[in-house]
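Undergrad: What follows is a structure written as structure tokens; I'll ask about it next.
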Amino acid sequence: MKRHKDLLNQIFLFICLSFFLGSTLLLPQPAESITGLIVTGQSTHNWQDSSSALKQMLENTGRFQIDTAVCESGQENEFSPDFGRYDLVVINYKRPSWSQTTQEALEKFVSSGGGLVIFHSSSQAFPEWEEYNKMAGLGGWEDRSQDSGPYVYWDEGRIVREDSPGIAGYHGPGHAFPVAVRELFHPITRGIPRFWMHAEDDLYSLLRGPAENLTVLATAYSDPAFGGSGRHEPVLFTIRYGQGRVFHTAMGHASGQPPFPALECAGFIVTFQRGAEWAASGRVTQEVPADFPACPDNSRHPDFIRTWPGYNAPILGDILKELAVYREGQNDDIVLELRDYIYIRRHAPESLRVVEEKLASFLNTDATLTGKMEACRALKTIGTSNSVSALKQLMFQEDGADEARYALEKIPGDDADDAFIEALE
């Protein structure tokens, strides 16, 4: 009997252990860090600042560890980075060409499964390098012509490949423009609004190239009013090259001295971060911000542009931390930051509910009275019944009564009415 009981106990323990280990294996595993290399050094654009910005954008996600390889003038023949050490290579380089050995090393890296990102003016690089043009998909300038491949653009709901003769590469003066997502279910663009407004940038048009295994993710209308082609030109696209994945963004102009509106555009930053992750890993783990800048019906309006100065997404926690010690007349910029933070989320109700929750909690802290008053002013514009309890408590404090009352007056519903009736008693 004892042996039988011991055997049952062992079987039970084995089942429990198997279940635990199986469950552990089924749990979501944390994403591994992606190693990346930005290749830069010579361009008609400000490659120093743009490369630094791209590195910061990627590392801000917490997914990337980025190195930089600089090809100085006169070093082209000796330039030989070890691409194989990395998961991702970002090209921010234009000319001159590298040695045959280095070219073949990049081809091998990508065709064997490495990730590649072609950034903005790198569309113009290496016109004579056949395999680079296949990896880039489309390019322009640098004596490219109809021999380089067809034009690719969007027309009447489909991609058009046109073999007509003509130049390769053109853009008018920089301007802001709406971007239209054409592949809504690709990992890079999944969850991104159908239309979003991009900050001032060069809108490349009349790009042409091999366009093999190319998927257009997003286009922008090249408006003749800005010297454009009158076509919906590709601005985000991917290319399959061997076993590798290539993400090509035609956006991101940066010349002269910062600030660079195109690089500070939240839409550019998010698509660049997601495109780089997809190129390196084949998947995208980054969430699309709830307040990603959408613009209805592909309309062109500057109010729909959202920028992240310094290439950093504003963090409400940091704003509230400064607001907690705010006194009137000191660091008034923090008040404007809070107002801007809320304003740009006006079309994102999910994000506003999170903001409201944090502001209501802020009223129950030991923050300065002037800081709490600014929180009340914010709740006056976005507050719902979820804020009533915190505002009611503040209304019973003599110093904070007015601003709390003003906020409650704007909140519809019985909860706010009951709070006023209780205050009258």
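Here, A, B, ... name the chains of the structure tokens in the order displayed, residue numbers run from 1 inside each chain, and ligands are numbered from 1 in the same displayed order.
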Which residues are near range 341-353 of chain A? Cut-off 10 Å, only C-alpha atoms, ignore same chain within fewer than 6 positions. Put them as an NGL selection string.

TA: :A and (289-295 or 303-307 or 314-316 or 319 or 335 or 359 or 378-379 or 381-384 or 386)

Undergrad: Pick out each residue of range 53-147 of chain A that DSSP on the backbone tags as helix (DSSP H, G or I); I need them as a ChimeraX atom specification.

TA: /A:53-60,83-85,100-111,120-124,130-136,146-147

Undergrad: Can you tell me, as a ChimeraX atom specification, which residues in range 99-340 of chain A count as strand (DSSP E or B) by DSSP?

TA: /A:115-119,139,151-155,158-162,170,175-181,195-201,205,208,214-221,232-241,244-249,265,294,305,307

Undergrad: Take the selection from the previous step and output its residues with C-alpha atoms, as a compact mmCIF listing (two decimals), in the first residue's frame.

TA:
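again.txt, freshly written:
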```
# COMPACT_ATOMS: atom_id res chain seq x y z
CA GLY A 115 18.35 43.55 -42.12
CA LEU A 116 19.01 46.72 -44.12
CA VAL A 117 17.56 50.23 -43.91
CA ILE A 118 18.00 52.72 -46.76
CA PHE A 119 17.57 56.24 -45.38
CA GLY A 139 16.62 55.35 -56.52
CA TYR A 151 8.94 54.41 -62.37
CA VAL A 152 6.79 53.13 -59.53
CA TYR A 153 3.77 55.05 -58.22
CA TRP A 154 0.22 54.61 -56.94
CA ASP A 155 -2.75 55.29 -59.18
CA ARG A 158 -2.99 50.02 -57.42
CA ILE A 159 0.75 50.15 -57.95
CA VAL A 160 1.85 51.20 -61.44
CA ARG A 161 5.22 50.31 -62.98
CA GLU A 162 5.94 52.55 -65.95
CA TYR A 170 13.22 64.98 -58.42
CA HIS A 175 6.90 71.32 -47.43
CA ALA A 176 4.59 69.41 -45.11
CA PHE A 177 2.43 66.74 -46.71
CA PRO A 178 -0.01 63.96 -45.78
CA VAL A 179 1.12 60.35 -46.01
CA ALA A 180 -1.30 57.61 -47.10
CA VAL A 181 -0.75 54.07 -45.81
CA PHE A 195 -3.57 59.01 -43.25
CA TRP A 196 -1.10 61.04 -41.21
CA MET A 197 0.56 64.41 -41.62
CA HIS A 198 4.32 64.63 -42.09
CA ALA A 199 6.35 67.72 -41.16
CA GLU A 200 8.31 69.78 -43.70
CA ASP A 201 10.46 67.51 -45.84
CA SER A 205 9.30 61.85 -56.86
CA ARG A 208 12.99 54.44 -60.57
CA LEU A 214 9.08 45.50 -53.72
CA THR A 215 6.08 46.30 -51.50
CA VAL A 216 4.90 49.90 -51.27
CA LEU A 217 3.77 50.59 -47.71
CA ALA A 218 2.88 54.29 -48.00
CA THR A 219 2.70 57.06 -50.58
CA ALA A 220 2.39 60.84 -50.67
CA TYR A 221 0.88 63.05 -53.32
CA HIS A 232 1.17 59.50 -55.51
CA GLU A 233 4.84 58.68 -54.95
CA PRO A 234 6.19 55.88 -52.71
CA VAL A 235 7.75 57.18 -49.49
CA LEU A 236 7.91 53.93 -47.46
CA PHE A 237 8.56 50.54 -49.04
CA THR A 238 10.20 47.18 -48.41
CA ILE A 239 12.28 44.86 -50.56
CA ARG A 240 13.06 41.18 -50.20
CA TYR A 241 16.65 40.46 -51.19
CA GLY A 244 17.13 39.45 -46.13
CA ARG A 245 14.65 42.25 -45.52
CA VAL A 246 15.12 45.87 -46.61
CA PHE A 247 13.15 48.87 -45.34
CA HIS A 248 13.49 52.03 -47.44
CA THR A 249 12.25 55.41 -46.22
CA CYS A 265 8.11 64.35 -36.97
CA ALA A 294 -3.78 61.02 -37.84
CA ILE A 305 1.54 67.53 -37.56
CA THR A 307 6.74 66.71 -33.62
```

Undergrad: Can you work out which one of A:Lys321, A:Met395, A:Lys380, A:Gln273 has the shortest atom-to-atom distance to Ala407 in chain A, counting only C-alpha atoms?

TA: A:Lys380

Undergrad: Which residues are close to Leu54 in chain A, i.e. within 10 Å by only C-alpha atoms, leaving aside same-chain residues fewer than 2 positions away? Reply as a PyMOL selection string.

TA: chain A and resi 38+49-52+56-60+66+90+92+119+252+263+269+272-273+311

Undergrad: Next, dump the selected residues to file, keeping only all heavy atoms, as a short mmCIF file (atom, residue, chain, number, x, y, z; two decimals), in the first residue's frame.

TA:
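result_38.cif was written with the following content:
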```cif
data_model
loop_
_atom_site.label_atom_id
_atom_site.label_comp_id
_atom_site.auth_asym_id
_atom_site.auth_seq_id
_atom_site.Cartn_x
_atom_site.Cartn_y
_atom_site.Cartn_z
N ILE A 38 25.12 51.92 -38.11
CA ILE A 38 24.82 53.01 -39.03
C ILE A 38 26.07 53.31 -39.83
O ILE A 38 27.12 53.65 -39.27
CB ILE A 38 24.34 54.26 -38.28
CG1 ILE A 38 23.01 53.99 -37.58
CG2 ILE A 38 24.19 55.45 -39.25
CD1 ILE A 38 22.51 55.14 -36.74
N ASP A 49 24.72 65.05 -37.94
CA ASP A 49 23.58 65.20 -37.04
C ASP A 49 22.49 64.18 -37.33
O ASP A 49 21.83 63.69 -36.42
CB ASP A 49 23.00 66.63 -37.15
CG ASP A 49 23.88 67.66 -36.48
OD1 ASP A 49 24.64 67.28 -35.57
OD2 ASP A 49 23.83 68.84 -36.86
N SER A 50 22.26 63.88 -38.62
CA SER A 50 21.20 62.92 -38.93
C SER A 50 21.56 61.52 -38.42
O SER A 50 20.69 60.81 -37.89
CB SER A 50 20.91 62.89 -40.42
OG SER A 50 22.04 62.48 -41.17
N SER A 51 22.81 61.12 -38.54
CA SER A 51 23.22 59.81 -38.03
C SER A 51 23.08 59.73 -36.52
O SER A 51 22.63 58.72 -35.97
CB SER A 51 24.66 59.49 -38.44
OG SER A 51 24.78 59.37 -39.84
N SER A 52 23.45 60.82 -35.85
CA SER A 52 23.29 60.87 -34.39
C SER A 52 21.82 60.77 -34.01
O SER A 52 21.45 60.07 -33.05
CB SER A 52 23.89 62.17 -33.85
OG SER A 52 23.68 62.27 -32.46
N GLN A 56 19.90 57.72 -31.88
CA GLN A 56 19.10 58.02 -30.69
C GLN A 56 17.69 57.46 -30.82
O GLN A 56 17.15 56.87 -29.88
CB GLN A 56 19.04 59.52 -30.45
CG GLN A 56 18.23 59.93 -29.22
CD GLN A 56 18.17 61.42 -29.04
OE1 GLN A 56 19.13 62.12 -29.33
NE2 GLN A 56 17.04 61.92 -28.57
N MET A 57 17.08 57.64 -31.99
CA MET A 57 15.72 57.13 -32.19
C MET A 57 15.64 55.64 -31.95
O MET A 57 14.71 55.14 -31.30
CB MET A 57 15.25 57.43 -33.62
CG MET A 57 14.99 58.89 -33.93
SD MET A 57 14.61 59.06 -35.70
CE MET A 57 15.02 60.79 -35.94
N LEU A 58 16.60 54.90 -32.49
CA LEU A 58 16.57 53.45 -32.35
C LEU A 58 16.83 53.04 -30.90
O LEU A 58 16.13 52.18 -30.35
CB LEU A 58 17.59 52.81 -33.28
CG LEU A 58 17.31 52.95 -34.78
CD1 LEU A 58 18.40 52.31 -35.61
CD2 LEU A 58 15.95 52.36 -35.15
N GLU A 59 17.80 53.65 -30.28
CA GLU A 59 18.13 53.26 -28.91
C GLU A 59 17.05 53.68 -27.92
O GLU A 59 16.88 53.05 -26.87
CB GLU A 59 19.49 53.83 -28.51
CG GLU A 59 20.63 53.19 -29.30
CD GLU A 59 22.00 53.67 -28.88
OE1 GLU A 59 22.09 54.76 -28.27
OE2 GLU A 59 22.99 52.96 -29.17
N ASN A 60 16.28 54.71 -28.26
CA ASN A 60 15.19 55.13 -27.38
C ASN A 60 14.12 54.05 -27.24
O ASN A 60 13.35 54.05 -26.27
CB ASN A 60 14.52 56.41 -27.93
CG ASN A 60 15.31 57.66 -27.61
OD1 ASN A 60 16.25 57.63 -26.82
ND2 ASN A 60 14.95 58.77 -28.24
N ILE A 66 23.34 50.36 -30.95
CA ILE A 66 23.77 50.86 -32.26
C ILE A 66 25.21 51.35 -32.23
O ILE A 66 25.60 52.13 -31.34
CB ILE A 66 22.84 52.01 -32.72
CG1 ILE A 66 21.39 51.54 -32.79
CG2 ILE A 66 23.30 52.56 -34.06
CD1 ILE A 66 21.13 50.46 -33.82
N VAL A 90 22.14 50.28 -41.28
CA VAL A 90 21.42 51.46 -41.74
C VAL A 90 22.37 52.27 -42.62
O VAL A 90 23.46 52.65 -42.18
CB VAL A 90 20.92 52.33 -40.57
CG1 VAL A 90 20.20 53.57 -41.09
CG2 VAL A 90 20.02 51.53 -39.64
N ASN A 92 23.30 55.60 -44.32
CA ASN A 92 23.13 57.06 -44.40
C ASN A 92 24.38 57.62 -45.07
O ASN A 92 25.19 58.30 -44.46
CB ASN A 92 22.94 57.64 -42.99
CG ASN A 92 22.67 59.14 -43.03
OD1 ASN A 92 22.30 59.69 -44.06
ND2 ASN A 92 22.87 59.81 -41.90
N PHE A 119 18.12 55.00 -45.94
CA PHE A 119 17.57 56.24 -45.38
C PHE A 119 17.72 57.41 -46.35
O PHE A 119 18.82 57.77 -46.74
CB PHE A 119 18.29 56.55 -44.06
CG PHE A 119 18.06 57.95 -43.54
CD1 PHE A 119 16.81 58.36 -43.12
CD2 PHE A 119 19.11 58.87 -43.51
CE1 PHE A 119 16.60 59.65 -42.66
CE2 PHE A 119 18.91 60.16 -43.05
CZ PHE A 119 17.65 60.56 -42.63
N GLY A 252 13.03 62.18 -44.39
CA GLY A 252 14.05 62.43 -43.39
C GLY A 252 15.11 63.46 -43.78
O GLY A 252 16.26 63.36 -43.35
N LEU A 263 12.92 65.05 -39.29
CA LEU A 263 13.39 64.04 -38.34
C LEU A 263 12.66 64.13 -37.01
O LEU A 263 12.59 63.13 -36.27
CB LEU A 263 14.90 64.18 -38.11
CG LEU A 263 15.81 63.88 -39.30
CD1 LEU A 263 17.27 64.01 -38.89
CD2 LEU A 263 15.54 62.50 -39.86
N ILE A 269 9.53 59.21 -37.03
CA ILE A 269 10.26 58.48 -35.99
C ILE A 269 9.65 57.10 -35.77
O ILE A 269 10.35 56.08 -35.73
CB ILE A 269 10.28 59.29 -34.68
CG1 ILE A 269 11.12 60.56 -34.87
CG2 ILE A 269 10.84 58.45 -33.53
CD1 ILE A 269 11.04 61.53 -33.70
N PHE A 272 10.20 54.80 -38.79
CA PHE A 272 11.62 54.43 -38.89
C PHE A 272 11.95 53.36 -37.85
O PHE A 272 12.62 52.36 -38.16
CB PHE A 272 12.50 55.66 -38.71
CG PHE A 272 13.97 55.35 -38.65
CD1 PHE A 272 14.66 54.98 -39.80
CD2 PHE A 272 14.66 55.41 -37.45
CE1 PHE A 272 16.02 54.67 -39.75
CE2 PHE A 272 16.02 55.11 -37.39
CZ PHE A 272 16.70 54.73 -38.54
N GLN A 273 11.51 53.56 -36.62
CA GLN A 273 11.78 52.59 -35.56
C GLN A 273 11.17 51.23 -35.88
O GLN A 273 11.82 50.19 -35.74
CB GLN A 273 11.23 53.11 -34.23
CG GLN A 273 11.96 54.32 -33.68
CD GLN A 273 11.22 54.98 -32.53
OE1 GLN A 273 9.99 54.89 -32.43
NE2 GLN A 273 11.95 55.62 -31.63
N TYR A 311 13.89 64.49 -30.83
CA TYR A 311 13.65 63.11 -31.25
C TYR A 311 13.14 62.22 -30.11
O TYR A 311 13.17 61.01 -30.19
CB TYR A 311 14.93 62.49 -31.87
CG TYR A 311 15.67 63.46 -32.74
CD1 TYR A 311 16.90 63.97 -32.37
CD2 TYR A 311 15.09 63.94 -33.91
CE1 TYR A 311 17.56 64.90 -33.16
CE2 TYR A 311 15.74 64.86 -34.71
CZ TYR A 311 16.98 65.35 -34.33
OH TYR A 311 17.62 66.26 -35.11
#
```

Undergrad: Report as a PDB file with N, CA and C atoms, in the first residue's frame all protein, DNA and RNA residues lying within 7 Å of range 415-425 of chain A, evaluated on only C-alpha atoms, omitting residues in the same chain fewer than 2 positions from it.

TA:
```
ATOM      1  N   SER A 385     -16.556  61.815 -15.756  1.00  0.00           N
ATOM      2  CA  SER A 385     -16.982  61.397 -14.410  1.00  0.00           C
ATOM      3  C   SER A 385     -15.859  60.715 -13.639  1.00  0.00           C
ATOM      4  N   VAL A 388     -14.297  63.166 -11.123  1.00  0.00           N
ATOM      5  CA  VAL A 388     -15.153  63.878 -10.168  1.00  0.00           C
ATOM      6  C   VAL A 388     -14.679  63.702  -8.726  1.00  0.00           C
ATOM      7  N   LYS A 392     -13.686  66.776  -6.408  1.00  0.00           N
ATOM      8  CA  LYS A 392     -14.565  67.064  -5.274  1.00  0.00           C
ATOM      9  C   LYS A 392     -13.751  67.244  -4.000  1.00  0.00           C
ATOM     10  N   LEU A 408     -15.233  70.989 -12.584  1.00  0.00           N
ATOM     11  CA  LEU A 408     -16.445  70.196 -12.389  1.00  0.00           C
ATOM     12  C   LEU A 408     -17.620  70.735 -13.202  1.00  0.00           C
ATOM     13  N   ILE A 411     -17.974  69.132 -16.578  1.00  0.00           N
ATOM     14  CA  ILE A 411     -18.169  67.680 -16.671  1.00  0.00           C
ATOM     15  C   ILE A 411     -19.657  67.368 -16.632  1.00  0.00           C
ATOM     16  N   PRO A 412     -20.193  66.778 -17.684  1.00  0.00           N
ATOM     17  CA  PRO A 412     -21.630  66.459 -17.694  1.00  0.00           C
ATOM     18  C   PRO A 412     -21.922  65.214 -16.858  1.00  0.00           C
ATOM     19  N   GLY A 413     -23.167  65.086 -16.423  1.00  0.00           N
ATOM     20  CA  GLY A 413     -23.579  63.856 -15.755  1.00  0.00           C
ATOM     21  C   GLY A 413     -23.939  64.049 -14.298  1.00  0.00           C
TER      22      GLY A 413
END
```

Undergrad: Take CA of Gln286 in chain A and CA of Phe64 in chain A and report the distance between them in Å, one decimal.

TA: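 Atom-to-atom, CA of Gln286 in chain A to CA of Phe64 in chain A, that is 11.9 Å.
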
Undergrad: Can you tell me, as a compact mmCIF listing (two decimals) with N, CA and C atoms, in the first residue's frame, what residues are no more than 10 Å from Gln393 in chain A when counting only C-alpha atoms, ignoring any on the same chain fewer than 3 positions away?

TA:
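This is the output file part_22.txt:
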```txt
# COMPACT_ATOMS: atom_id res chain seq x y z
N LEU A 363 -3.87 65.13 -8.33
CA LEU A 363 -4.55 66.03 -7.38
C LEU A 363 -4.48 65.50 -5.96
N ASN A 364 -4.21 64.22 -5.78
CA ASN A 364 -4.14 63.62 -4.45
C ASN A 364 -2.71 63.48 -3.94
N VAL A 388 -14.30 63.17 -11.12
CA VAL A 388 -15.15 63.88 -10.17
C VAL A 388 -14.68 63.70 -8.73
N SER A 389 -14.35 62.49 -8.35
CA SER A 389 -13.96 62.22 -6.96
C SER A 389 -12.76 63.07 -6.54
N ALA A 390 -11.72 63.10 -7.37
CA ALA A 390 -10.51 63.86 -7.03
C ALA A 390 -10.79 65.36 -7.01
N PHE A 396 -13.24 70.94 -1.61
CA PHE A 396 -13.49 71.16 -0.18
C PHE A 396 -12.31 71.86 0.51
N GLN A 397 -11.18 72.01 -0.24
CA GLN A 397 -10.05 72.75 0.32
C GLN A 397 -10.16 74.20 -0.14
N GLY A 400 -8.07 75.56 -3.05
CA GLY A 400 -8.22 74.95 -4.35
C GLY A 400 -9.63 74.91 -4.88
N ALA A 401 -10.55 75.57 -4.20
CA ALA A 401 -11.97 75.41 -4.54
C ALA A 401 -12.31 75.93 -5.92
N ALA A 404 -11.05 73.79 -9.03
CA ALA A 404 -11.74 72.49 -9.00
C ALA A 404 -13.20 72.66 -9.42
N ALA A 419 -21.76 66.10 -6.74
CA ALA A 419 -20.64 66.70 -6.03
C ALA A 419 -20.96 68.14 -5.63
N ALA A 423 -21.41 69.69 -1.86
CA ALA A 423 -20.65 70.87 -1.43
C ALA A 423 -21.58 71.91 -0.83
```

Undergrad: List as an MDAnalysis selection string the protein and nucleic acid residues near range 99-105 of chain A, meaning an atom at most 9 Å away when only C-alpha atoms are counted, but skip any in the same chain fewer than 6 places from it.

TA: chainID A and resid 76:84 129 131:132

Undergrad: For Asp318 in chain A, which of A:Ser33, A:Leu338, A:Pro302, A:Gly41 is the closest residue, counting only C-alpha atoms?

TA: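 Of the candidates, the smallest distance to Asp318 in chain A is held by A:Leu338.
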
Undergrad: Env of range 148-150 of chain A: 9 Å cut, atoms = only C-alpha atoms, seq-sep filter 4 positions within chain, self excluded. Answer as a short mmCIF file (atom, residue, chain, number, x, y, z; two decimals) with all heavy atoms, in the first residue's frame.

TA:
```
data_model
loop_
_atom_site.label_atom_id
_atom_site.label_comp_id
_atom_site.auth_asym_id
_atom_site.auth_seq_id
_atom_site.Cartn_x
_atom_site.Cartn_y
_atom_site.Cartn_z
N PRO A 127 24.96 54.49 -57.97
CA PRO A 127 24.16 54.21 -59.17
C PRO A 127 24.73 53.08 -60.03
O PRO A 127 23.98 52.39 -60.72
CB PRO A 127 24.20 55.55 -59.93
CG PRO A 127 25.41 56.24 -59.42
CD PRO A 127 25.55 55.84 -57.99
N ASN A 133 21.31 48.67 -56.03
CA ASN A 133 20.06 49.17 -56.58
C ASN A 133 18.94 48.14 -56.45
O ASN A 133 17.77 48.51 -56.27
CB ASN A 133 20.27 49.58 -58.04
CG ASN A 133 21.05 50.88 -58.16
OD1 ASN A 133 20.48 51.95 -58.05
ND2 ASN A 133 22.35 50.78 -58.36
N LEU A 138 14.34 51.28 -55.39
CA LEU A 138 14.17 52.49 -56.19
C LEU A 138 15.25 53.49 -55.82
O LEU A 138 15.72 53.51 -54.68
CB LEU A 138 12.80 53.13 -55.96
CG LEU A 138 11.56 52.31 -56.34
CD1 LEU A 138 10.30 53.00 -55.83
CD2 LEU A 138 11.49 52.10 -57.85
N GLY A 139 15.62 54.32 -56.78
CA GLY A 139 16.62 55.35 -56.52
C GLY A 139 16.42 56.53 -57.45
O GLY A 139 15.51 56.55 -58.29
N ARG A 144 21.02 58.38 -63.12
CA ARG A 144 20.07 57.29 -63.36
C ARG A 144 19.10 57.71 -64.47
O ARG A 144 18.82 58.89 -64.65
CB ARG A 144 19.31 56.95 -62.08
CG ARG A 144 20.15 56.21 -61.03
CD ARG A 144 19.33 55.91 -59.77
NE ARG A 144 20.03 55.05 -58.84
CZ ARG A 144 20.85 55.48 -57.88
NH1 ARG A 144 21.07 56.78 -57.75
NH2 ARG A 144 21.45 54.63 -57.06
N ARG A 161 3.82 50.34 -62.56
CA ARG A 161 5.22 50.31 -62.98
C ARG A 161 5.27 50.80 -64.43
O ARG A 161 4.72 50.15 -65.32
CB ARG A 161 5.81 48.91 -62.85
CG ARG A 161 6.07 48.48 -61.42
CD ARG A 161 6.46 47.01 -61.35
NE ARG A 161 7.05 46.67 -60.06
CZ ARG A 161 6.35 46.45 -58.94
NH1 ARG A 161 5.02 46.52 -58.98
NH2 ARG A 161 6.96 46.14 -57.81
N GLU A 162 5.96 51.91 -64.64
CA GLU A 162 5.94 52.55 -65.95
C GLU A 162 7.36 52.61 -66.50
O GLU A 162 8.28 53.17 -65.87
CB GLU A 162 5.36 53.96 -65.82
CG GLU A 162 5.26 54.72 -67.13
CD GLU A 162 4.73 56.12 -66.92
OE1 GLU A 162 3.65 56.27 -66.31
OE2 GLU A 162 5.41 57.08 -67.34
N ASP A 163 7.52 52.09 -67.72
CA ASP A 163 8.85 51.99 -68.33
C ASP A 163 9.19 53.16 -69.24
O ASP A 163 10.16 53.09 -69.99
CB ASP A 163 8.94 50.69 -69.14
CG ASP A 163 8.94 49.46 -68.25
OD1 ASP A 163 9.60 49.49 -67.22
OD2 ASP A 163 8.25 48.47 -68.61
N SER A 164 8.43 54.23 -69.20
CA SER A 164 8.66 55.34 -70.11
C SER A 164 10.00 56.01 -69.82
O SER A 164 10.50 55.98 -68.69
CB SER A 164 7.53 56.36 -69.97
OG SER A 164 7.49 56.89 -68.66
N PRO A 165 10.62 56.63 -70.84
CA PRO A 165 11.90 57.32 -70.63
C PRO A 165 11.71 58.56 -69.78
O PRO A 165 10.61 59.09 -69.63
CB PRO A 165 12.34 57.67 -72.05
CG PRO A 165 11.08 57.73 -72.84
CD PRO A 165 10.17 56.70 -72.24
N ALA A 168 15.43 60.35 -63.43
CA ALA A 168 15.21 59.56 -62.23
C ALA A 168 15.52 60.44 -61.02
O ALA A 168 16.66 60.84 -60.81
CB ALA A 168 16.09 58.32 -62.22
N LEU A 207 11.20 58.46 -58.71
CA LEU A 207 12.22 57.45 -58.42
C LEU A 207 12.00 56.26 -59.35
O LEU A 207 10.87 55.92 -59.71
CB LEU A 207 12.12 56.99 -56.96
CG LEU A 207 12.39 58.04 -55.88
CD1 LEU A 207 12.26 57.42 -54.50
CD2 LEU A 207 13.76 58.68 -56.06
N ARG A 208 13.09 55.62 -59.71
CA ARG A 208 12.99 54.44 -60.57
C ARG A 208 14.11 53.47 -60.23
O ARG A 208 15.16 53.86 -59.68
CB ARG A 208 13.01 54.82 -62.04
CG ARG A 208 14.20 55.57 -62.52
CD ARG A 208 13.95 56.21 -63.90
NE ARG A 208 13.29 55.30 -64.82
CZ ARG A 208 12.63 55.70 -65.92
NH1 ARG A 208 12.55 56.98 -66.24
NH2 ARG A 208 12.05 54.82 -66.72
N GLY A 209 13.90 52.21 -60.53
CA GLY A 209 14.91 51.22 -60.19
C GLY A 209 14.43 49.83 -60.52
O GLY A 209 13.34 49.66 -61.10
N PRO A 210 15.17 48.80 -60.13
CA PRO A 210 14.77 47.42 -60.44
C PRO A 210 13.39 47.07 -59.89
O PRO A 210 12.63 46.33 -60.53
CB PRO A 210 15.86 46.58 -59.78
CG PRO A 210 17.04 47.50 -59.70
CD PRO A 210 16.48 48.86 -59.47
N ALA A 211 13.06 47.58 -58.70
CA ALA A 211 11.74 47.38 -58.09
C ALA A 211 11.35 45.92 -58.01
O ALA A 211 10.17 45.57 -58.16
CB ALA A 211 10.68 48.20 -58.84
#
```

Undergrad: Which residue gives the smallest distance to Ile91 in chain A among A:Leu206, A:Ala276, A:Ala225, A:Ile167, with only C-alpha atoms counted?

TA: A:Ala276

Undergrad: Tell me which of A:Ile334, A:Met135, A:Ile192, A:Leu320 sits closest to Lys358 in chain A, counting only C-alpha atoms.

TA: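 The closest residue to Lys358 in chain A is A:Leu320.
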
Undergrad: Take CA of Arg339 in chain A and CA of Gly371 in chain A and report the distance between them in Å, one decimal.

TA: 12.9 Å

Undergrad: Which is closest to Thr271 in chain A among A:Leu323, A:Glu287, A:Arg95, A:Gln243, if we use only C-alpha atoms?

TA: A:Glu287
